[in-house]
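Asks: For reference, the structure I am asking about is given below.
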Amino acid sequence: MSSASSESKSSSASTGAQDSTAAPETDPFLTAQRQLDEAAGILELDEATHQLLRWPLRELKFVFPVRMDDGSVKVFHGYRVQHNDARGPAKGGLRFHPHETVHTVRALAAWMTWKTAVIDIPLGGGKGGVCCNPRELSTGELERVSRGYIRRVAGFIGPDSDVPAPDVYTDSRVMAWMLDEYEAIHGRHAPGVITGKPPVLGGSAGRGDATGFGVVVTIREALKALRIDASRTTASLQGFGKVGQATAIHYVNQLGGKLICVSSWDHEDKTAYTFFKHDGADPAFLRGITDSHGTIHKDKALQAGYEVRDGDAWRSAEVDLLIPAALENMITAGTVETISPRVKVLAEGANGPTTREADQALRRRGVFVIPDILCNAGGVTVSYFEQVQNAYNFYWPEQEVLDRLDEKMTAAFHVVHAMARRMDVHNRLAAYLVSVERVAKAMKLRGWV
Ligand code: NAD
């Protein structure tokens, strides 16, 4: 999928929903199953365990009506998938995206199972989405979509069964409406049903930046392992939403690295642009000229001396670190060759940004890949902390949250790194070996297999 085709407006009266139209290389669920298969072979999983892990335990697929501002009714397609809950309640974000399919949601739910296991928190994996373009919705319509979604899933989710959180094009405001709808339906407070809430409604301090903060912790540990001085590195980032912005800020402020370029999707022009500053981009300045959907204001960037290039230019930038933080399939067999030989580390802020073919090509080139299920696990980790705080109705200061997050991410990085060295396998497979073994053990102890 090229950058220019990765986002587009959906303007039909119904929002259209498909299972999957992706080619095998870019089919995220097939990718997720193949990643599991590789680990299952090495772990010699029995057939029943392997098959149970290849498929979601449960999924809900539905349509719901929403009254639009002009009085018409539009029908939206929604999904919630629980991939596995052997280790604890299913956990995973909710996407509002015009190209959302149940197939992508299945893949994202499976990756959540591996993510919660690799970071070692007592949760399973789930994911959800609505096929819609939030950019085309008024605030009132967005609220009615959020509440309409919860009315369909209110019996399927819960603090002890399945806990949503923000993901692409959803945020703390959407979580607040969803929490309110869920609590109205059930007639009681239940803050633990959803995470990434505004702090005043029980959200955790530090949740907003948690994923990006965690990405930077794994980059820091990877650079240490490679004996590279972080303060002398340069980076290129794709996607300037929640994860991208926080990653940029922490990479520059904490590691002292130089961010050479950032690509962002331009909703007006329906294409992506890459913003270059060779003496180092200023993430705080860029955040200040970015709208709530992650679009950097082109003219303001030009005025500030940024060079604006096409949306794919982030991938071929001459840097040490590549950080995809947008969507799936941004590095494919067809584009991997454009990556500069200078790149030493690929930090997967996004879920599934690299296809299997591209992954293999990067390995042949000796690029150190920090796999998504480890790299971007900071968000779900602080979501877990949020649930713990909700259960106690007692809240931690931000520094305590970040210190605990750092500890969890650092420990998980080293468990995976040690596994990679012990088994002489690549990092992604090592992360799968750690997580699949943990989930399989929980299933066995429960007597499922
Ligand atoms: P977001 O919606 O806040 O940001 C994503 C941004 O990427 C948007 O601004 C979008 O316009 C942009 N984008 C899309 N296509 C692009 C392209 N071709 N070129 C440049 N920019 C493009 O979403 P987010 O929460 O930051 O999520 C980003 C990724 O990180 C997703 O893969 C998500 O699943 C993953 N993730 C998010 C979290 C979280 O806590 N939010 C946690 C773990 C993983």
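Ordered as shown in the structure tokens, chains take letters A, B, and onward, while each chain numbers its residues from 1 and ligands are numbered from 1 in the order shown.
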Per DSSP on the backbone, what are the strand (DSSP E) residues of region 201-349 of chain A, as an MDAnalysis selection string?

Replies: chainID A and resid 234:238 258:266 271:276 307:310 321:324 345:347

Asks: Produce as a PDB file with N, CA, C and O atoms, in the first residue's frame the set of residues near ligand 1, where near means within 6 Å with only C-alpha atoms and all ligand atoms considered.

Replies:
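To be explicit, this is the file written out as selection.pdb:
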ATOM      1  N   SER A   3       1.799   5.270   0.361  1.00  0.00           N
ATOM      2  CA  SER A   3       1.297   6.281   1.289  1.00  0.00           C
ATOM      3  C   SER A   3       0.093   6.970   0.712  1.00  0.00           C
ATOM      4  O   SER A   3      -0.873   7.231   1.388  1.00  0.00           O
ATOM      5  N   SER A   6      -3.050   5.040   1.262  1.00  0.00           N
ATOM      6  CA  SER A   6      -3.319   4.410   2.539  1.00  0.00           C
ATOM      7  C   SER A   6      -4.461   5.049   3.301  1.00  0.00           C
ATOM      8  O   SER A   6      -4.938   4.500   4.256  1.00  0.00           O
ATOM      9  N   GLU A   7      -4.892   6.222   2.912  1.00  0.00           N
ATOM     10  CA  GLU A   7      -6.004   6.869   3.587  1.00  0.00           C
ATOM     11  C   GLU A   7      -6.879   7.456   2.505  1.00  0.00           C
ATOM     12  O   GLU A   7      -6.397   8.034   1.558  1.00  0.00           O
ATOM     13  N   PRO A 166      -8.010   3.696  23.371  1.00  0.00           N
ATOM     14  CA  PRO A 166      -7.882   4.440  22.112  1.00  0.00           C
ATOM     15  C   PRO A 166      -6.902   3.781  21.136  1.00  0.00           C
ATOM     16  O   PRO A 166      -5.969   3.095  21.545  1.00  0.00           O
ATOM     17  N   ASP A 167      -7.144   3.978  19.867  1.00  0.00           N
ATOM     18  CA  ASP A 167      -6.191   3.564  18.827  1.00  0.00           C
ATOM     19  C   ASP A 167      -6.314   4.600  17.703  1.00  0.00           C
ATOM     20  O   ASP A 167      -6.600   5.779  17.975  1.00  0.00           O
ATOM     21  N   VAL A 168      -6.148   4.179  16.464  1.00  0.00           N
ATOM     22  CA  VAL A 168      -6.124   5.139  15.360  1.00  0.00           C
ATOM     23  C   VAL A 168      -7.454   5.913  15.287  1.00  0.00           C
ATOM     24  O   VAL A 168      -8.529   5.311  15.243  1.00  0.00           O
ATOM     25  N   TYR A 169      -7.341   7.229  15.295  1.00  0.00           N
ATOM     26  CA  TYR A 169      -8.478   8.166  15.187  1.00  0.00           C
ATOM     27  C   TYR A 169      -9.499   8.059  16.317  1.00  0.00           C
ATOM     28  O   TYR A 169     -10.656   8.457  16.148  1.00  0.00           O
ATOM     29  N   THR A 211       2.630   5.121  24.828  1.00  0.00           N
ATOM     30  CA  THR A 211       3.133   4.249  23.762  1.00  0.00           C
ATOM     31  C   THR A 211       4.449   4.804  23.212  1.00  0.00           C
ATOM     32  O   THR A 211       5.437   4.075  23.057  1.00  0.00           O
ATOM     33  N   GLN A 238       7.404   8.021  10.596  1.00  0.00           N
ATOM     34  CA  GLN A 238       6.193   8.111   9.766  1.00  0.00           C
ATOM     35  C   GLN A 238       4.953   8.124  10.657  1.00  0.00           C
ATOM     36  O   GLN A 238       4.778   7.254  11.515  1.00  0.00           O
ATOM     37  N   GLY A 239       4.064   9.106  10.446  1.00  0.00           N
ATOM     38  CA  GLY A 239       2.815   9.188  11.210  1.00  0.00           C
ATOM     39  C   GLY A 239       3.000  10.135  12.377  1.00  0.00           C
ATOM     40  O   GLY A 239       3.865   9.912  13.229  1.00  0.00           O
ATOM     41  N   PHE A 240       2.218  11.205  12.413  1.00  0.00           N
ATOM     42  CA  PHE A 240       2.388  12.173  13.495  1.00  0.00           C
ATOM     43  C   PHE A 240       1.097  12.286  14.314  1.00  0.00           C
ATOM     44  O   PHE A 240       0.591  13.357  14.577  1.00  0.00           O
ATOM     45  N   GLY A 241       0.581  11.115  14.711  1.00  0.00           N
ATOM     46  CA  GLY A 241      -0.581  11.065  15.600  1.00  0.00           C
ATOM     47  C   GLY A 241      -0.117  10.901  17.037  1.00  0.00           C
ATOM     48  O   GLY A 241       0.948  11.393  17.417  1.00  0.00           O
ATOM     49  N   LYS A 242      -0.902  10.178  17.823  1.00  0.00           N
ATOM     50  CA  LYS A 242      -0.601  10.048  19.255  1.00  0.00           C
ATOM     51  C   LYS A 242       0.758   9.383  19.478  1.00  0.00           C
ATOM     52  O   LYS A 242       1.582   9.862  20.243  1.00  0.00           O
ATOM     53  N   VAL A 243       0.975   8.264  18.788  1.00  0.00           N
ATOM     54  CA  VAL A 243       2.226   7.528  19.001  1.00  0.00           C
ATOM     55  C   VAL A 243       3.407   8.299  18.405  1.00  0.00           C
ATOM     56  O   VAL A 243       4.459   8.451  19.043  1.00  0.00           O
ATOM     57  N   GLY A 244       3.242   8.801  17.191  1.00  0.00           N
ATOM     58  CA  GLY A 244       4.335   9.498  16.514  1.00  0.00           C
ATOM     59  C   GLY A 244       4.791  10.731  17.277  1.00  0.00           C
ATOM     60  O   GLY A 244       5.999  10.939  17.474  1.00  0.00           O
ATOM     61  N   SER A 263       6.816  12.207   8.550  1.00  0.00           N
ATOM     62  CA  SER A 263       5.781  12.263   7.513  1.00  0.00           C
ATOM     63  C   SER A 263       4.412  12.272   8.165  1.00  0.00           C
ATOM     64  O   SER A 263       4.212  11.657   9.212  1.00  0.00           O
ATOM     65  N   SER A 264       3.491  12.993   7.559  1.00  0.00           N
ATOM     66  CA  SER A 264       2.132  13.038   8.115  1.00  0.00           C
ATOM     67  C   SER A 264       1.123  13.028   6.977  1.00  0.00           C
ATOM     68  O   SER A 264       1.434  13.421   5.851  1.00  0.00           O
ATOM     69  N   TRP A 265      -0.067  12.544   7.293  1.00  0.00           N
ATOM     70  CA  TRP A 265      -1.127  12.467   6.291  1.00  0.00           C
ATOM     71  C   TRP A 265      -1.833  13.807   6.199  1.00  0.00           C
ATOM     72  O   TRP A 265      -2.203  14.387   7.219  1.00  0.00           O
ATOM     73  N   ALA A 272       0.207  11.962   1.706  1.00  0.00           N
ATOM     74  CA  ALA A 272       1.120  12.222   2.826  1.00  0.00           C
ATOM     75  C   ALA A 272       2.264  13.113   2.351  1.00  0.00           C
ATOM     76  O   ALA A 272       2.599  13.132   1.157  1.00  0.00           O
ATOM     77  N   HIS A 293      -6.140  15.395  14.066  1.00  0.00           N
ATOM     78  CA  HIS A 293      -6.081  14.135  13.310  1.00  0.00           C
ATOM     79  C   HIS A 293      -4.649  13.806  12.868  1.00  0.00           C
ATOM     80  O   HIS A 293      -4.435  12.883  12.083  1.00  0.00           O
ATOM     81  N   GLY A 294      -3.678  14.611  13.294  1.00  0.00           N
ATOM     82  CA  GLY A 294      -2.281  14.299  12.968  1.00  0.00           C
ATOM     83  C   GLY A 294      -1.795  14.896  11.660  1.00  0.00           C
ATOM     84  O   GLY A 294      -0.793  14.447  11.111  1.00  0.00           O
ATOM     85  N   THR A 295      -2.479  15.903  11.157  1.00  0.00           N
ATOM     86  CA  THR A 295      -2.022  16.556   9.929  1.00  0.00           C
ATOM     87  C   THR A 295      -1.166  17.773  10.277  1.00  0.00           C
ATOM     88  O   THR A 295      -1.641  18.710  10.945  1.00  0.00           O
ATOM     89  N   GLY A 311       5.233  11.805   0.472  1.00  0.00           N
ATOM     90  CA  GLY A 311       4.921  11.020   1.670  1.00  0.00           C
ATOM     91  C   GLY A 311       5.765   9.777   1.851  1.00  0.00           C
ATOM     92  O   GLY A 311       5.814   9.224   2.953  1.00  0.00           O
ATOM     93  N   ALA A 325       5.069   4.833  12.504  1.00  0.00           N
ATOM     94  CA  ALA A 325       4.071   4.988  13.585  1.00  0.00           C
ATOM     95  C   ALA A 325       2.728   5.393  12.986  1.00  0.00           C
ATOM     96  O   ALA A 325       2.025   6.235  13.538  1.00  0.00           O
ATOM     97  N   ALA A 326       2.389   4.790  11.834  1.00  0.00           N
ATOM     98  CA  ALA A 326       1.103   5.133  11.201  1.00  0.00           C
ATOM     99  C   ALA A 326       0.203   3.898  11.154  1.00  0.00           C
ATOM    100  O   ALA A 326      -0.572   3.658  12.083  1.00  0.00           O
ATOM    101  N   LEU A 327       0.332   3.099  10.090  1.00  0.00           N
ATOM    102  CA  LEU A 327      -0.572   1.953   9.919  1.00  0.00           C
ATOM    103  C   LEU A 327       0.203   0.716   9.466  1.00  0.00           C
ATOM    104  O   LEU A 327       1.435   0.745   9.376  1.00  0.00           O
ATOM    105  N   GLY A 349       6.722   1.418  15.913  1.00  0.00           N
ATOM    106  CA  GLY A 349       5.720   2.111  16.732  1.00  0.00           C
ATOM    107  C   GLY A 349       4.318   1.703  16.333  1.00  0.00           C
ATOM    108  O   GLY A 349       3.427   1.555  17.167  1.00  0.00           O
ATOM    109  N   ALA A 350       4.094   1.485  15.039  1.00  0.00           N
ATOM    110  CA  ALA A 350       2.788   1.041  14.539  1.00  0.00           C
ATOM    111  C   ALA A 350       2.657  -0.469  14.702  1.00  0.00           C
ATOM    112  O   ALA A 350       3.645  -1.177  14.902  1.00  0.00           O
ATOM    113  N   ASN A 351       1.441  -0.956  14.582  1.00  0.00           N
ATOM    114  CA  ASN A 351       1.200  -2.397  14.550  1.00  0.00           C
ATOM    115  C   ASN A 351       1.322  -2.888  13.109  1.00  0.00           C
ATOM    116  O   ASN A 351       0.694  -2.319  12.212  1.00  0.00           O
ATOM    117  N   ASN A 376       5.734  -1.230  20.801  1.00  0.00           N
ATOM    118  CA  ASN A 376       4.644  -0.299  21.124  1.00  0.00           C
ATOM    119  C   ASN A 376       3.780  -0.784  22.279  1.00  0.00           C
ATOM    120  O   ASN A 376       2.622  -0.358  22.425  1.00  0.00           O
ATOM    121  N   ALA A 377       4.345  -1.635  23.144  1.00  0.00           N
ATOM    122  CA  ALA A 377       3.569  -2.188  24.262  1.00  0.00           C
ATOM    123  C   ALA A 377       3.377  -1.204  25.418  1.00  0.00           C
ATOM    124  O   ALA A 377       2.686  -1.516  26.399  1.00  0.00           O
ATOM    125  N   GLY A 379       1.623   1.500  25.603  1.00  0.00           N
ATOM    126  CA  GLY A 379       0.242   1.961  25.753  1.00  0.00           C
ATOM    127  C   GLY A 379      -0.586   0.986  26.561  1.00  0.00           C
ATOM    128  O   GLY A 379      -1.256   1.361  27.536  1.00  0.00           O
TER     129      GLY A 379
END

Asks: Could you pull out the residues in region 38-100 of chain A that DSSP calls alpha helix (DSSP H) from the backbone, as an NGL selection string?

Replies: :A and (38-43 or 47-54)

Asks: Using only C-alpha atoms for the distances, tell me which of A:His297, A:Lys91, A:Arg428, A:Arg232 is nearest to Leu346 (chain A).

Replies: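 For Leu346 (chain A), the nearest of the candidates is A:Arg428.
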
Asks: Smallest atom-to-atom distance to Arg315 (chain A): which of A:Ile260, A:Gln399, A:Glu357, A:Tyr149, using only C-alpha atoms?

Replies: A:Ile260

Asks: With distances taken over only C-alpha atoms, which residue among A:Ala431, A:Ala440, A:Val308, A:Gln245 lies nearest Arg54 (chain A)?

Replies: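 Comparing A:Ala431, A:Ala440, A:Val308, A:Gln245 against Arg54 (chain A), the winner is A:Ala440.
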
Asks: For CA of Asn253 (chain A) and CA of Asp282 (chain A), determine how far apart the two atoms are, in Å to one decimal place.

Replies: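 Result for CA of Asn253 (chain A) versus CA of Asp282 (chain A): 10.0 Å, one decimal.
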
Asks: Wanna dump the region 71-127 of chain A-region 409-422 of chain A contacts at 12 Å for me, each residue with its shortest atom pair and the distance in Å to one decimal, counting only C-alpha atoms, ordered by chain and number, as JSON lines?

Replies:
{"residue": "A:Lys115", "atom": "CA", "partner": "A:Ala412", "partner_atom": "CA", "distance": 10.2}
{"residue": "A:Thr116", "atom": "CA", "partner": "A:Ala412", "partner_atom": "CA", "distance": 10.6}
{"residue": "A:Ala117", "atom": "CA", "partner": "A:Ala412", "partner_atom": "CA", "distance": 9.7}
{"residue": "A:Val118", "atom": "CA", "partner": "A:Ala412", "partner_atom": "CA", "distance": 6.5}
{"residue": "A:Ile119", "atom": "CA", "partner": "A:Ala412", "partner_atom": "CA", "distance": 5.4}
{"residue": "A:Asp120", "atom": "CA", "partner": "A:Ala412", "partner_atom": "CA", "distance": 7.7}
{"residue": "A:Ile121", "atom": "CA", "partner": "A:Ala412", "partner_atom": "CA", "distance": 10.7}

Asks: May I have the residues within 12 Å of Lys127 (chain A) as a VMD selection string, using only C-alpha atoms and disregarding those fewer than 3 positions away in the same chain?

Replies: chain A and resid 56 58 to 61 78 to 84 89 to 96 100 to 113 124 130 157 162 to 168 351 380

Asks: Within 9 Å of region 197-203 of chain A, counting only C-alpha atoms, which residues qualify if same-chain residues fewer than 6 places away don't, as an MDAnalysis selection string?

Replies: chainID A and resid 165:166 171:176 179 191 383 386:387 389:390 393 395
